[in-house]
file work_18.tsv (TSV, C-alpha atoms)
chain	number	residue	atom	x	y	z
O	1	MET	CA	101.06	118.11	109.29
O	2	LYS	CA	100.11	121.72	109.13
O	3	GLY	CA	99.99	123.85	106.01
O	4	ASN	CA	101.02	122.89	102.49
O	5	PRO	CA	104.56	121.57	102.83
O	6	LYS	CA	106.95	121.49	99.93
O	7	ASN	CA	109.58	118.73	99.64
O	8	ILE	CA	107.06	115.92	100.19
O	9	ASN	CA	107.59	112.89	98.00
O	10	ARG	CA	104.06	112.02	96.99
O	11	GLY	CA	103.21	108.86	95.12
O	12	LEU	CA	106.36	106.89	96.03
O	13	ASP	CA	104.57	104.13	97.91
O	14	CYS	CA	101.17	102.54	97.70
O	15	ASP	CA	98.64	102.89	100.47
O	16	VAL	CA	98.44	99.16	101.21
O	17	ILE	CA	100.84	97.42	103.58
O	18	VAL	CA	100.94	93.65	103.70
O	19	ALA	CA	102.56	92.63	106.98
O	20	GLU	CA	102.26	90.10	109.75
O	21	VAL	CA	99.83	90.95	112.56
O	22	ARG	CA	101.74	92.01	115.66
O	23	ALA	CA	101.04	92.93	119.25
O	24	THR	CA	98.75	95.85	120.07
O	25	SER	CA	100.27	99.21	119.01
O	26	HIS	CA	103.20	97.47	117.31
O	27	LYS	CA	103.26	99.01	113.84
O	28	PRO	CA	104.68	97.09	110.91
O	29	ASP	CA	108.37	97.94	110.47
O	30	GLU	CA	107.59	98.91	106.85
O	31	ILE	CA	105.66	102.00	107.98
O	32	TYR	CA	108.80	103.75	109.19
O	33	GLY	CA	110.49	103.35	105.80
O	34	ILE	CA	107.40	104.74	104.06
O	35	ILE	CA	107.38	107.78	106.33
O	36	GLU	CA	111.14	108.33	105.83
O	37	ARG	CA	110.73	108.22	102.05
O	38	LEU	CA	107.70	110.51	102.19
O	39	SER	CA	109.60	113.24	103.99
O	40	PRO	CA	113.37	112.66	103.90
O	41	GLY	CA	115.68	114.73	106.05
O	42	THR	CA	112.96	115.99	108.41
O	43	ARG	CA	112.35	115.33	112.08
O	44	LYS	CA	109.76	112.71	112.89
O	45	ILE	CA	107.92	112.07	116.13
O	46	GLU	CA	106.38	108.90	117.54
O	47	LEU	CA	103.69	109.75	120.08
O	48	PHE	CA	102.66	107.26	122.75
O	49	GLY	CA	105.83	105.32	121.92
O	50	ARG	CA	106.87	102.12	123.63
O	51	PRO	CA	110.35	100.62	123.76
O	52	HIS	CA	109.71	98.65	120.55
O	53	ASN	CA	108.71	101.86	118.69
O	54	VAL	CA	112.01	103.71	119.21
O	55	GLN	CA	113.60	104.48	115.84
O	56	PRO	CA	116.92	106.13	114.96
O	57	ASN	CA	116.59	109.86	114.18
O	58	TRP	CA	113.02	110.02	115.54
O	59	VAL	CA	111.74	111.74	118.67
O	60	THR	CA	109.81	109.12	120.62
O	61	LEU	CA	107.56	110.19	123.49
O	62	GLY	CA	105.66	107.86	125.76
O	63	ASN	CA	105.02	107.08	129.40
O	64	GLN	CA	106.27	103.50	128.95
O	65	LEU	CA	109.78	104.63	128.00
O	66	ASP	CA	112.53	104.69	130.61
O	67	GLY	CA	114.30	107.98	131.25
O	68	VAL	CA	115.24	110.65	128.77
O	69	ARG	CA	117.69	110.02	125.93
O	70	LEU	CA	118.42	112.94	123.67
O	71	ILE	CA	120.80	112.92	120.72
O	72	ASP	CA	119.95	115.88	118.47
O	73	PRO	CA	122.07	118.88	119.57
O	74	ASP	CA	119.23	121.40	119.14
O	75	ILE	CA	116.89	119.32	121.29
O	76	VAL	CA	119.62	118.74	123.89
O	77	ARG	CA	120.18	122.53	124.18
O	78	ALA	CA	116.45	123.24	124.51
O	79	PHE	CA	116.05	120.48	127.11
O	80	ARG	CA	119.01	121.74	129.18
O	81	ALA	CA	117.65	125.29	129.04
O	82	LYS	CA	114.26	124.17	130.37
O	83	TYR	CA	115.48	121.47	132.80
O	84	PRO	CA	119.02	122.45	133.87
O	85	ASP	CA	119.13	119.72	136.52
O	86	GLY	CA	117.91	117.09	134.02
O	87	ILE	CA	114.80	116.25	136.02
O	88	VAL	CA	111.41	116.44	134.31
O	89	PRO	CA	108.66	116.97	136.86
O	90	SER	CA	105.93	114.32	136.81
O	91	SER	CA	102.45	115.48	136.02
call {"tool": "encode", "arguments": {"input": "work_18.tsv", "output": "structure tokens"}}
result
Amino acid sequence: MKGNPKNINRGLDCDVIVAEVRATSHKPDEIYGIIERLSPGTRKIELFGRPHNVQPNWVTLGNQLDGVRLIDPDIVRAFRAKYPDGIVPSS
């Protein structure tokens, strides 16, 4: 996060999560709720996401995800402007 954002709910949750150990890179489900409560109504992004990391109302990016699925109208417009044919060139 950059700057000194307002509208952040500090002190709502503790900084200790007790959860079952999962597969590599599989975060505890509780972390998403903590992040949502910390900054409600904002866009969130999951970098290096895998299919099990996809969350509603989050932008999830990762090379292990299949295709492109966009829901947010602003992001759909920006994507269509940059890739009118819907094809993202591989790097």
call {"tool": "residues_around", "arguments": {"input": "work_18.tsv", "residues": "O:Ala23", "least_positions_apart": "3", "cutoff": "12 Å", "atoms": "all atoms listed in the file", "output": "list in words"}}
result
Glu20, His26, Lys27, Pro28, Arg50, His52 and Asn53 of chain O
call {"tool": "closest_residue", "arguments": {"input": "work_18.tsv", "among": "O:Gly49, O:Lys82, O:Leu38, O:Val21", "to": "O:Leu61", "atoms": "all atoms listed in the file"}}
result
O:Gly49
call {"tool": "closest_residue", "arguments": {"input": "work_18.tsv", "among": "O:Pro84, O:Ser90, O:Thr24, O:Asn57", "to": "O:Asp72", "atoms": "only C-alpha atoms"}}
result
O:Asn57
call {"tool": "residues_around", "arguments": {"input": "work_18.tsv", "residues": "O:Val54", "least_positions_apart": "2", "cutoff": "12 Å", "atoms": "all atoms listed in the file", "output": "NGL selection string"}}
result
:O and (26-27 or 29 or 32 or 44-52 or 56-62 or 64-66 or 69)
call {"tool": "atom_distance", "arguments": {"input": "work_18.tsv", "atom1": "atom CA of O:Val68", "atom2": "atom CA of O:Pro89"}}
result
12.2 Å
call {"tool": "atom_distance", "arguments": {"input": "work_18.tsv", "atom1": "atom CA of O:Ile8", "atom2": "atom CA of O:Ala78"}}
result
27.1 Å
call {"tool": "residues_near_point", "arguments": {"input": "work_18.tsv", "point": "(110.9, 115.5, 107.0)", "cutoff": "12 Å", "atoms": "only C-alpha atoms", "output": "PDB file with C-alpha atoms, in the frame of the given file"}}
result
ATOM      1  CA  MET O   1     101.060 118.110 109.290  1.00  0.00           C
ATOM      2  CA  PRO O   5     104.560 121.570 102.830  1.00  0.00           C
ATOM      3  CA  LYS O   6     106.950 121.490  99.930  1.00  0.00           C
ATOM      4  CA  ASN O   7     109.580 118.730  99.640  1.00  0.00           C
ATOM      5  CA  ILE O   8     107.060 115.920 100.190  1.00  0.00           C
ATOM      6  CA  ASN O   9     107.590 112.890  98.000  1.00  0.00           C
ATOM      7  CA  ILE O  34     107.400 104.740 104.060  1.00  0.00           C
ATOM      8  CA  ILE O  35     107.380 107.780 106.330  1.00  0.00           C
ATOM      9  CA  GLU O  36     111.140 108.330 105.830  1.00  0.00           C
ATOM     10  CA  ARG O  37     110.730 108.220 102.050  1.00  0.00           C
ATOM     11  CA  LEU O  38     107.700 110.510 102.190  1.00  0.00           C
ATOM     12  CA  SER O  39     109.600 113.240 103.990  1.00  0.00           C
ATOM     13  CA  PRO O  40     113.370 112.660 103.900  1.00  0.00           C
ATOM     14  CA  GLY O  41     115.680 114.730 106.050  1.00  0.00           C
ATOM     15  CA  THR O  42     112.960 115.990 108.410  1.00  0.00           C
ATOM     16  CA  ARG O  43     112.350 115.330 112.080  1.00  0.00           C
ATOM     17  CA  LYS O  44     109.760 112.710 112.890  1.00  0.00           C
ATOM     18  CA  ILE O  45     107.920 112.070 116.130  1.00  0.00           C
ATOM     19  CA  ASN O  57     116.590 109.860 114.180  1.00  0.00           C
ATOM     20  CA  TRP O  58     113.020 110.020 115.540  1.00  0.00           C
TER      21      TRP O  58
END
call {"tool": "closest_residue", "arguments": {"input": "work_18.tsv", "among": "O:Arg80, O:Val88, O:Asn4, O:Ile31", "to": "O:Val16", "atoms": "all atoms listed in the file"}}
result
O:Ile31
call {"tool": "axis_aligned_box", "arguments": {"input": "work_18.tsv", "around": "stretch 25-32 of chain O", "padding_each_side": "8 Å", "output": "JSON"}}
result
{"center_x": 104.5, "center_y": 100.4, "center_z": 112.9, "size_x": 24.5, "size_y": 22.7, "size_z": 28.2}
call {"tool": "atom_distance", "arguments": {"input": "work_18.tsv", "atom1": "atom CA of O:Gly67", "atom2": "atom CA of O:Ile87"}}
result
9.6 Å
call {"tool": "decode", "arguments": {"input": "work_18.tsv", "residues": "stretch 18-36 of chain O", "atoms": "N, CA and C atoms", "output": "compact mmCIF listing (two decimals), in the first residue's frame"}}
result
# COMPACT_ATOMS: atom_id res chain seq x y z
N VAL O 18 -4.69 -18.89 13.69
CA VAL O 18 -4.55 -20.31 14.02
C VAL O 18 -5.34 -21.07 12.98
N ALA O 19 -4.65 -21.80 12.11
CA ALA O 19 -5.31 -22.52 11.02
C ALA O 19 -4.52 -23.77 10.69
N GLU O 20 -5.19 -24.68 10.05
CA GLU O 20 -4.58 -25.93 9.62
C GLU O 20 -3.53 -25.66 8.56
N VAL O 21 -2.43 -26.39 8.60
CA VAL O 21 -1.39 -26.27 7.58
C VAL O 21 -1.94 -26.83 6.28
N ARG O 22 -1.70 -26.09 5.19
CA ARG O 22 -2.22 -26.49 3.89
C ARG O 22 -1.08 -26.65 2.90
N ALA O 23 -1.44 -26.90 1.67
CA ALA O 23 -0.44 -27.07 0.61
C ALA O 23 0.35 -25.77 0.42
N THR O 24 1.49 -25.87 -0.22
CA THR O 24 2.33 -24.72 -0.50
C THR O 24 1.52 -23.64 -1.20
N SER O 25 1.68 -22.42 -0.77
CA SER O 25 1.03 -21.20 -1.28
C SER O 25 -0.49 -21.18 -1.05
N HIS O 26 -1.02 -22.11 -0.31
CA HIS O 26 -2.46 -22.11 -0.03
C HIS O 26 -2.67 -21.40 1.31
N LYS O 27 -3.08 -20.13 1.22
CA LYS O 27 -3.28 -19.33 2.43
C LYS O 27 -4.47 -19.84 3.23
N PRO O 28 -4.47 -19.61 4.51
CA PRO O 28 -5.68 -19.93 5.28
C PRO O 28 -6.85 -19.09 4.77
N ASP O 29 -8.03 -19.67 4.70
CA ASP O 29 -9.21 -18.94 4.23
C ASP O 29 -9.48 -17.70 5.09
N GLU O 30 -9.10 -17.75 6.36
CA GLU O 30 -9.34 -16.64 7.28
C GLU O 30 -8.65 -15.35 6.84
N ILE O 31 -7.56 -15.45 6.10
CA ILE O 31 -6.80 -14.25 5.73
C ILE O 31 -7.61 -13.34 4.82
N TYR O 32 -8.44 -13.92 3.97
CA TYR O 32 -9.24 -13.09 3.07
C TYR O 32 -10.27 -12.27 3.84
N GLY O 33 -10.88 -12.85 4.84
CA GLY O 33 -11.83 -12.11 5.68
C GLY O 33 -11.15 -10.98 6.42
N ILE O 34 -9.95 -11.23 6.92
CA ILE O 34 -9.19 -10.19 7.62
C ILE O 34 -8.90 -9.02 6.68
N ILE O 35 -8.47 -9.33 5.47
CA ILE O 35 -8.16 -8.27 4.51
C ILE O 35 -9.42 -7.51 4.13
N GLU O 36 -10.54 -8.21 3.94
CA GLU O 36 -11.80 -7.54 3.60
C GLU O 36 -12.23 -6.59 4.72
